[in-house]
Structure formats: structure tokens, C-alpha cells
>>> print(open('my_file08.txt').read())   # compact mmCIF, C-alpha atoms
# COMPACT_ATOMS: atom_id res chain seq x y z
CA MET A 814 -6.36 1.00 -15.18
CA GLU A 815 -6.27 2.43 -11.70
CA GLU A 816 -7.47 0.08 -9.00
CA ILE A 817 -10.14 1.60 -6.77
CA SER A 818 -10.39 0.43 -3.17
CA ASN A 819 -13.54 -1.48 -2.18
CA PHE A 820 -13.46 -0.01 1.30
CA PRO A 821 -15.38 3.29 1.62
CA LEU A 822 -13.75 6.17 3.42
CA PRO A 823 -15.37 7.21 6.73
CA ASP A 824 -17.86 10.07 6.47
CA ALA A 825 -15.93 12.15 8.98
CA PHE A 826 -12.78 11.80 6.88
CA LEU A 827 -14.66 12.71 3.70
CA ASP A 828 -15.97 15.83 5.44
CA PHE A 829 -12.40 16.72 6.41
CA LEU A 830 -11.22 16.33 2.81
CA LYS A 831 -14.09 18.46 1.54
CA ASP A 832 -13.43 21.21 4.09
CA ASN A 833 -9.78 21.33 3.00
CA GLY A 834 -10.38 21.13 -0.74
CA LEU A 835 -8.80 17.68 -1.16
CA ASP A 836 -9.88 15.13 -3.76
CA PRO A 837 -10.93 11.84 -2.06
CA SER A 838 -9.79 9.84 -5.10
CA ILE A 839 -6.15 10.25 -4.09
CA TYR A 840 -6.85 7.91 -1.17
CA THR A 841 -8.76 5.28 -3.12
CA MET A 842 -6.64 4.80 -6.26
CA ARG A 843 -3.71 2.76 -5.03
CA ASP A 844 -2.00 2.26 -8.37
CA SER A 845 -1.56 6.00 -8.87
CA THR A 846 -0.03 6.69 -5.46
CA PRO A 847 3.75 7.01 -5.77
CA ARG A 848 6.27 5.65 -3.31
CA TYR A 849 9.15 7.72 -2.03
CA ILE A 850 12.81 7.27 -1.30
CA ARG A 851 15.39 9.53 0.31
CA ILE A 852 18.97 9.69 -0.88
CA LYS A 853 21.61 9.77 1.84
CA PRO A 854 23.23 13.24 1.77
CA ASP A 855 26.67 12.00 0.74
CA SER A 856 25.24 9.76 -2.01
CA GLU A 857 23.34 12.30 -4.13
CA ALA A 858 25.85 12.03 -6.99
CA GLN A 859 24.86 8.39 -7.40
CA VAL A 860 21.27 9.11 -8.47
CA PRO A 861 21.99 8.01 -12.09
CA ASP A 862 23.40 4.71 -10.81
CA VAL A 863 20.32 4.15 -8.65
CA GLU A 864 18.05 4.88 -11.62
CA ALA A 865 19.95 2.39 -13.76
CA GLU A 866 19.74 -0.32 -11.12
CA ILE A 867 16.04 -0.06 -10.29
CA LYS A 868 15.20 0.73 -13.93
CA CYS A 869 13.11 3.83 -13.41
CA LYS A 870 13.47 7.60 -13.35
CA LEU A 871 13.70 9.21 -9.93
CA GLU A 872 11.39 12.22 -9.84
CA LYS A 873 12.71 14.89 -7.49
CA VAL A 874 10.22 16.14 -4.89
CA ALA A 875 10.64 19.90 -5.18
CA TRP A 876 9.35 20.77 -1.72
CA LEU A 877 11.23 18.01 0.13
CA PRO A 878 15.05 18.10 -0.22
CA GLY A 879 16.67 14.75 -0.90
CA PHE A 880 13.37 12.98 -1.67
CA PHE A 881 12.38 11.32 -4.92
CA SER A 882 9.17 9.64 -6.01
CA ILE A 883 9.09 6.28 -7.77
CA PRO A 884 6.23 4.24 -9.27
CA PRO A 885 4.36 2.13 -6.68
CA HIS A 886 5.41 -1.19 -8.24
CA ILE A 887 9.16 -0.52 -7.94
CA GLN A 888 10.88 -2.52 -5.19
CA ILE A 889 14.09 -1.18 -3.62
CA ALA A 890 14.82 -3.76 -0.90
CA GLY A 891 16.91 -5.94 -3.21
CA SER A 892 18.87 -3.08 -4.76
CA LYS A 893 22.57 -2.59 -4.10
CA ALA A 894 22.01 1.06 -3.19
CA TYR A 895 19.55 0.08 -0.46
CA ARG A 896 21.69 -2.76 0.89
CA GLU A 897 24.71 -0.45 1.08
CA GLY A 898 22.78 2.23 2.96
CA LYS A 899 22.69 4.87 0.22
CA ILE A 900 18.92 5.21 -0.03
CA TYR A 901 16.06 5.05 2.46
CA GLY A 902 12.49 3.94 1.97
CA ILE A 903 10.41 6.67 3.64
CA ASP A 904 7.07 8.26 2.83
CA ALA A 905 6.77 11.95 2.04
CA ALA A 906 4.53 12.60 5.06
CA SER A 907 7.28 11.42 7.42
CA GLY A 908 9.81 13.60 5.65
CA ALA A 909 7.46 16.58 5.89
CA ALA A 910 7.11 16.04 9.65
CA VAL A 911 10.89 16.16 10.09
CA LEU A 912 11.20 19.19 7.81
CA ALA A 913 8.54 21.02 9.85
CA LEU A 914 10.72 20.71 12.96
CA ASP A 915 13.27 23.04 11.35
CA VAL A 916 16.12 21.19 13.05
CA SER A 917 19.23 23.30 13.57
CA TRP A 918 22.86 22.37 14.12
CA GLY A 919 23.37 21.28 17.73
CA ASP A 920 19.71 20.59 18.55
CA HIS A 921 18.73 17.70 20.83
CA VAL A 922 15.63 15.96 19.52
CA LEU A 923 13.22 13.55 21.23
CA ASP A 924 11.51 11.12 18.83
CA LEU A 925 8.58 9.36 20.49
CA CYS A 926 7.20 6.25 18.75
CA ALA A 927 10.54 6.21 16.94
CA ALA A 928 10.34 2.78 15.29
CA PRO A 929 11.00 1.68 12.64
CA GLY A 930 13.48 4.57 12.38
CA ALA A 931 13.18 6.36 9.02
CA LYS A 932 12.46 9.76 10.62
CA LEU A 933 15.10 9.11 13.28
CA CYS A 934 17.73 8.57 10.57
CA MET A 935 16.65 11.71 8.74
CA LEU A 936 17.02 13.73 11.95
CA LEU A 937 20.50 12.35 12.52
CA ASP A 938 21.50 13.08 8.92
CA LEU A 939 20.39 16.69 9.41
CA LEU A 940 22.29 17.08 12.69
CA GLY A 941 25.50 15.57 11.37
CA SER A 942 28.23 15.64 14.03
CA SER A 943 26.25 17.86 16.40
CA GLY A 944 23.41 17.52 18.90
CA SER A 945 21.71 14.20 19.62
CA VAL A 946 18.51 12.24 19.07
CA THR A 947 16.72 10.14 21.67
CA GLY A 948 14.38 7.52 20.23
CA VAL A 949 11.62 6.04 22.41
CA ASP A 950 9.18 3.26 21.57
CA VAL A 951 7.07 0.95 23.70
CA ALA A 952 7.55 -2.03 21.34
CA ARG A 953 10.90 -3.71 21.94
CA HIS A 954 10.97 -5.71 18.70
CA ARG A 955 10.21 -2.61 16.63
CA LEU A 956 12.87 -0.57 18.41
CA ALA A 957 15.36 -3.40 17.79
CA ALA A 958 14.66 -2.93 14.07
CA CYS A 959 15.35 0.77 14.58
CA ARG A 960 18.70 -0.09 16.16
CA THR A 961 19.57 -2.26 13.16
CA MET A 962 18.71 0.63 10.87
CA LEU A 963 21.02 3.00 12.75
CA GLN A 964 23.87 0.53 12.44
CA LYS A 965 23.20 -0.08 8.75
CA TYR A 966 23.37 3.63 7.91
CA GLY A 967 26.19 4.41 10.36
CA LEU A 968 24.14 6.98 12.29
CA GLY A 969 24.21 5.75 15.88
CA ASP A 970 27.05 7.87 17.25
CA ARG A 971 24.79 10.57 18.74
CA CYS A 972 21.69 8.53 19.41
CA ARG A 973 20.09 6.66 22.31
CA LEU A 974 17.19 4.21 22.09
CA PHE A 975 14.85 3.48 24.99
CA VAL A 976 12.10 0.92 25.29
CA ALA A 977 9.71 3.01 27.35
CA ASP A 978 6.25 4.53 27.61
CA GLY A 979 6.39 7.85 25.81
CA THR A 980 3.62 9.29 28.01
CA THR A 981 5.88 9.17 31.08
CA PHE A 982 9.34 9.43 29.51
CA SER A 983 11.12 12.60 30.67
CA LEU A 984 14.83 12.04 30.09
CA LEU A 985 16.90 15.10 29.19
CA PRO A 986 19.81 14.83 26.72
CA LEU A 987 22.86 14.38 28.94
CA ASN A 988 25.40 15.96 26.62
CA ALA A 989 23.33 19.15 26.71
CA HIS A 990 23.07 19.25 30.50
CA GLY A 991 26.46 18.42 31.89
CA GLY A 992 26.55 14.72 31.09
CA LEU A 993 29.87 13.03 30.50
CA ASN A 994 31.10 12.64 26.97
CA SER A 995 33.37 9.88 25.75
CA CYS A 996 36.55 11.94 26.19
CA GLN A 997 35.73 12.73 29.81
CA SER A 998 34.79 9.15 30.55
CA VAL A 999 38.29 7.90 29.79
CA ASN A 1000 39.56 9.63 32.93
CA GLU A 1001 36.73 8.43 35.16
CA ASP A 1002 37.10 5.30 37.27
CA PHE A 1003 33.51 4.15 37.68
CA ALA A 1004 33.33 0.42 38.26
CA ASP A 1005 29.72 0.49 37.13
CA ALA A 1006 30.16 2.99 34.28
CA PHE A 1007 28.69 2.47 30.84
CA LYS A 1008 31.32 1.26 28.41
CA GLU A 1009 31.06 1.76 24.66
CA TRP A 1010 28.01 -0.10 23.38
CA THR A 1011 28.43 -3.52 21.81
CA PRO A 1012 25.75 -5.96 20.58
CA ARG A 1013 26.86 -8.49 23.19
CA ARG A 1014 27.24 -7.08 26.67
CA PRO A 1015 29.40 -9.07 29.11
CA TRP A 1016 27.57 -10.93 31.89
CA LYS A 1017 29.15 -8.69 34.55
CA GLU A 1018 27.89 -5.54 32.84
CA ARG A 1019 24.36 -6.95 32.53
CA LYS A 1020 24.41 -7.82 36.23
CA ILE A 1021 25.51 -4.30 37.22
CA ALA A 1022 22.75 -2.75 35.11
CA SER A 1023 20.18 -5.06 36.67
CA LYS A 1024 21.31 -4.15 40.19
CA ALA A 1025 21.15 -0.48 39.32
CA MET A 1026 17.51 -0.79 38.31
CA LYS A 1027 16.61 -2.88 41.37
CA SER A 1028 18.18 -0.30 43.68
CA ILE A 1029 15.66 2.33 42.58
CA ALA A 1030 12.65 0.12 41.82
CA SER A 1031 10.91 1.16 45.05
CA GLN A 1032 11.16 4.82 44.03
CA LEU A 1033 9.26 4.43 40.78
CA ILE A 1034 5.80 5.89 40.33
CA PRO A 1035 3.33 2.97 40.61
CA GLY A 1036 2.40 1.67 37.16
CA SER A 1037 5.22 3.44 35.35
CA GLN A 1038 7.51 1.50 33.04
CA GLU A 1039 11.23 1.31 33.69
CA PRO A 1040 13.03 2.76 30.66
CA ASP A 1041 15.31 0.17 29.08
CA LEU A 1042 18.31 1.60 27.25
CA ILE A 1043 18.94 -0.82 24.36
CA PHE A 1044 21.39 1.27 22.36
CA TYR A 1045 23.61 4.31 22.81
CA GLY A 1046 26.30 5.89 20.67
CA ARG A 1047 29.79 6.93 21.65
CA HIS A 1048 28.88 10.63 21.75
CA SER A 1049 25.34 10.28 23.10
CA GLY A 1050 26.27 11.39 26.62
CA VAL A 1051 25.96 7.91 28.13
CA VAL A 1052 29.47 6.44 27.91
CA GLY A 1053 31.35 6.92 31.19
CA LEU A 1054 28.31 7.62 33.35
CA GLY A 1055 27.66 5.35 36.34
CA LYS A 1056 24.61 3.15 35.84
CA VAL A 1057 23.02 3.79 39.25
CA LYS A 1058 23.36 7.55 38.82
CA TYR A 1059 22.12 7.34 35.25
CA PHE A 1060 18.92 5.46 36.07
CA LYS A 1061 18.21 7.66 39.08
CA LEU A 1062 18.30 10.65 36.75
CA HIS A 1063 16.05 9.08 34.17
CA VAL A 1064 13.11 7.33 35.78
CA PRO A 1065 9.89 8.97 37.01
CA MET A 1066 10.21 9.12 40.80
CA LYS A 1067 7.72 9.43 43.64
CA LEU A 1068 7.62 12.86 45.22
>>> encode(input="my_file08.txt", output="C-alpha cells")
Amino acid sequence: MEEISNFPLPDAFLDFLKDNGLDPSIYTMRDSTPRYIRIKPDSEAQVPDVEAEIKCKLEKVAWLPGFFSIPPHIQIAGSKAYREGKIYGIDAASGAAVLALDVSWGDHVLDLCAAPGAKLCMLLDLLGSSGSVTGVDVARHRLAACRTMLQKYGLGDRCRLFVADGTTFSLLPLNAHGGLNSCQSVNEDFADAFKEWTPRRPWKERKIASKAMKSIASQLIPGSQEPDLIFYGRHSGVVGLGKVKYFKLHVPMKL
């Protein structure tokens, strides 16, 4: 039998549902609400294998390409397909938000409140080897989980992640506005240039980055948060750019 929530829905929300012809029971019957997964684009042929492993039929979501619904009691975290980065756990509403953007080849997308990263990964899957995605979140630990997700699914090449306040973040995508790409950076001789990202940055590189931020600290708008770049891909427009120049371009300055 379907389990009905003991917590009543707010009157204002009930009025909204009524005005839009929606049945309130869909929000109170938890056992009947399906979960959703997304199949990685290059893994769609493995749907039968996924079904066999998690022991349930994947129901294709007709209006959301690559999405399938599964019963709410099915767990995917321990499955081989999930561990190997072939399927994502993501709700249909998040997928619909990405679909509504109508992302095109070569677009540069800003994802505010990006953690934990399911929408970010979907955007990068859609862009393929073009464009870029910049993810911003104010919570460092949540954005670190987003970084782990990018690495798991092999999608970080054209992505940057910033711990920053989305209300003041105004960074433009460098590889769309004359920023250096990885091929150009090979010929540059910046002592303070960003190298290819690694999980463990050398002490010297951390020191240079710290000095770069201190050199412009007095120019920041009072109360604004310094953006902290915690991840960047090889083709994200960051590699090869000098750190002082980079941070001067990307922090909100006093006029």
C-alpha cells in the first residue's frame, strides 16, 4: 500500500497545484514516486546489462532523452554500471532544466549552485569536445564532491570549478574571449602560469597562487568573496595563463 506523508502540504503550495491542475497526491505518496537514472551517451547499448544487474526493467522517459525511471526501492550505488561511470543518478526535474537550456555545440555555460554535479555532467555530455562549463558553488565540500564526479565520469577536460558567491561571480569563459588554450600555453614562458591540474599541487605553485590573490586583495569590493579555483580541465582556458593576470580578470573590483 502506498505510504502517505504525515506532513501536510502548505496552503500556498496547494493553491499553486490547484491553479495548475496538478494532483496533490503525487507529492504525498512516496512509494509511488519513481526514481530516475541517466545513461551515459556512449553506454546506451548496455541497457540490458544494467537491467540484469539491478534486477528491474528500465522504463524510458519519452520526453527526456537518455533518462529511465526505476522503482523507488531500487539502489544503484553498489552496481557495477554506476561504479564504472556508465549511469548517473539524477532526478527528472534536473534533466528537464538542462534540456530547457537548449545547449548547442560550442556553447559556454555557467552553472551556479553546481554541486553535487549531476546537471553539470549532463551539460558536459551534451557539449562533447566543444564549449565549456563553469561550475560555481559557495560550499567547498559540496563542490569537492562535484570535482570527484567529473573525474569519475571523465568529463573535466572543458570544465572549471570555483568556490564562490554566485551573486557576485562574473567570470567570462576564457577560451571564448581570447584566453590561452593548452596548445598555446606550451610556447609561453610564464613562471607563474597555471600548469595542468593535478590533485596535489606542488608547494611552490600554491605559494604563487596565494601571492597572486594577496596582490589584488586591496582591490576587491568590500564583503565580496575571493573566487577559489579548485579544478580546471586541460581545455578550459586556464592552462598557461599567469595567475596574477587570471585573478585580476576574475574578481569583482572597486571602481
>>> atom_distance(input="my_file08.txt", atom1="CA of Thr947 in chain A", atom2="CA of Gly902 in chain A")
21.1 Å
>>> atom_distance(input="my_file08.txt", atom1="CA of Phe826 in chain A", atom2="CA of Ala952 in chain A")
28.5 Å
>>> atom_distance(input="my_file08.txt", atom1="CA of Pro821 in chain A", atom2="CA of Pro847 in chain A")
20.8 Å
>>> residues_around(input="my_file08.txt", residues="Ala931 in chain A", least_positions_apart="4", cutoff="12 Å", atoms="all atoms listed in the file", output="PDB file with C-alpha atoms, in the coordinates of the input")
ATOM      1  CA  TYR A 849       9.150   7.720  -2.030  1.00  0.00           C
ATOM      2  CA  ILE A 850      12.810   7.270  -1.300  1.00  0.00           C
ATOM      3  CA  ARG A 851      15.390   9.530   0.310  1.00  0.00           C
ATOM      4  CA  ILE A 852      18.970   9.690  -0.880  1.00  0.00           C
ATOM      5  CA  LYS A 853      21.610   9.770   1.840  1.00  0.00           C
ATOM      6  CA  ILE A 900      18.920   5.210  -0.030  1.00  0.00           C
ATOM      7  CA  TYR A 901      16.060   5.050   2.460  1.00  0.00           C
ATOM      8  CA  GLY A 902      12.490   3.940   1.970  1.00  0.00           C
ATOM      9  CA  ILE A 903      10.410   6.670   3.640  1.00  0.00           C
ATOM     10  CA  ASP A 904       7.070   8.260   2.830  1.00  0.00           C
ATOM     11  CA  ALA A 905       6.770  11.950   2.040  1.00  0.00           C
ATOM     12  CA  ALA A 906       4.530  12.600   5.060  1.00  0.00           C
ATOM     13  CA  SER A 907       7.280  11.420   7.420  1.00  0.00           C
ATOM     14  CA  GLY A 908       9.810  13.600   5.650  1.00  0.00           C
ATOM     15  CA  ALA A 910       7.110  16.040   9.650  1.00  0.00           C
ATOM     16  CA  VAL A 911      10.890  16.160  10.090  1.00  0.00           C
ATOM     17  CA  ASP A 924      11.510  11.120  18.830  1.00  0.00           C
ATOM     18  CA  CYS A 926       7.200   6.250  18.750  1.00  0.00           C
ATOM     19  CA  ALA A 927      10.540   6.210  16.940  1.00  0.00           C
ATOM     20  CA  MET A 935      16.650  11.710   8.740  1.00  0.00           C
ATOM     21  CA  LEU A 936      17.020  13.730  11.950  1.00  0.00           C
ATOM     22  CA  LEU A 937      20.500  12.350  12.520  1.00  0.00           C
ATOM     23  CA  ASP A 938      21.500  13.080   8.920  1.00  0.00           C
ATOM     24  CA  GLY A 948      14.380   7.520  20.230  1.00  0.00           C
ATOM     25  CA  LEU A 956      12.870  -0.570  18.410  1.00  0.00           C
ATOM     26  CA  ALA A 958      14.660  -2.930  14.070  1.00  0.00           C
ATOM     27  CA  CYS A 959      15.350   0.770  14.580  1.00  0.00           C
ATOM     28  CA  ARG A 960      18.700  -0.090  16.160  1.00  0.00           C
ATOM     29  CA  THR A 961      19.570  -2.260  13.160  1.00  0.00           C
ATOM     30  CA  MET A 962      18.710   0.630  10.870  1.00  0.00           C
ATOM     31  CA  LEU A 963      21.020   3.000  12.750  1.00  0.00           C
ATOM     32  CA  LYS A 965      23.200  -0.080   8.750  1.00  0.00           C
ATOM     33  CA  TYR A 966      23.370   3.630   7.910  1.00  0.00           C
ATOM     34  CA  LEU A 968      24.140   6.980  12.290  1.00  0.00           C
TER      35      LEU A 968
END
>>> axis_aligned_box(input="my_file08.txt", around="range 954-970 of chain A", padding_each_side="6 Å", output="JSON")
{"center_x": 18.6, "center_y": 1.1, "center_z": 13.3, "size_x": 28.8, "size_y": 25.6, "size_z": 22.8}
>>> residues_around(input="my_file08.txt", residues="Cys869 in chain A", least_positions_apart="3", cutoff="9 Å", atoms="all atoms listed in the file", output="JSON, numbers by chain")
{"A": [863, 864, 865, 866, 883, 884, 887]}
>>> closest_residue(input="my_file08.txt", among="A:Thr1011, A:Ser882, A:Asp970, A:Ser1049", to="Leu985 in chain A", atoms="all atoms listed in the file")
A:Ser1049
>>> closest_residue(input="my_file08.txt", among="A:Ala913, A:Leu1054, A:Pro986, A:His886", to="Thr846 in chain A", atoms="only C-alpha atoms")
A:His886
>>> residues_around(input="my_file08.txt", residues="Trp876 in chain A", least_positions_apart="4", cutoff="10 Å", atoms="all atoms listed in the file", output="list in words")
Phe880, Ala905, Ala909 and Leu912 of chain A
>>> closest_residue(input="my_file08.txt", among="A:Glu857, A:Asp915, A:Glu897, A:Asp836", to="Gly879 in chain A", atoms="only C-alpha atoms")
A:Glu857
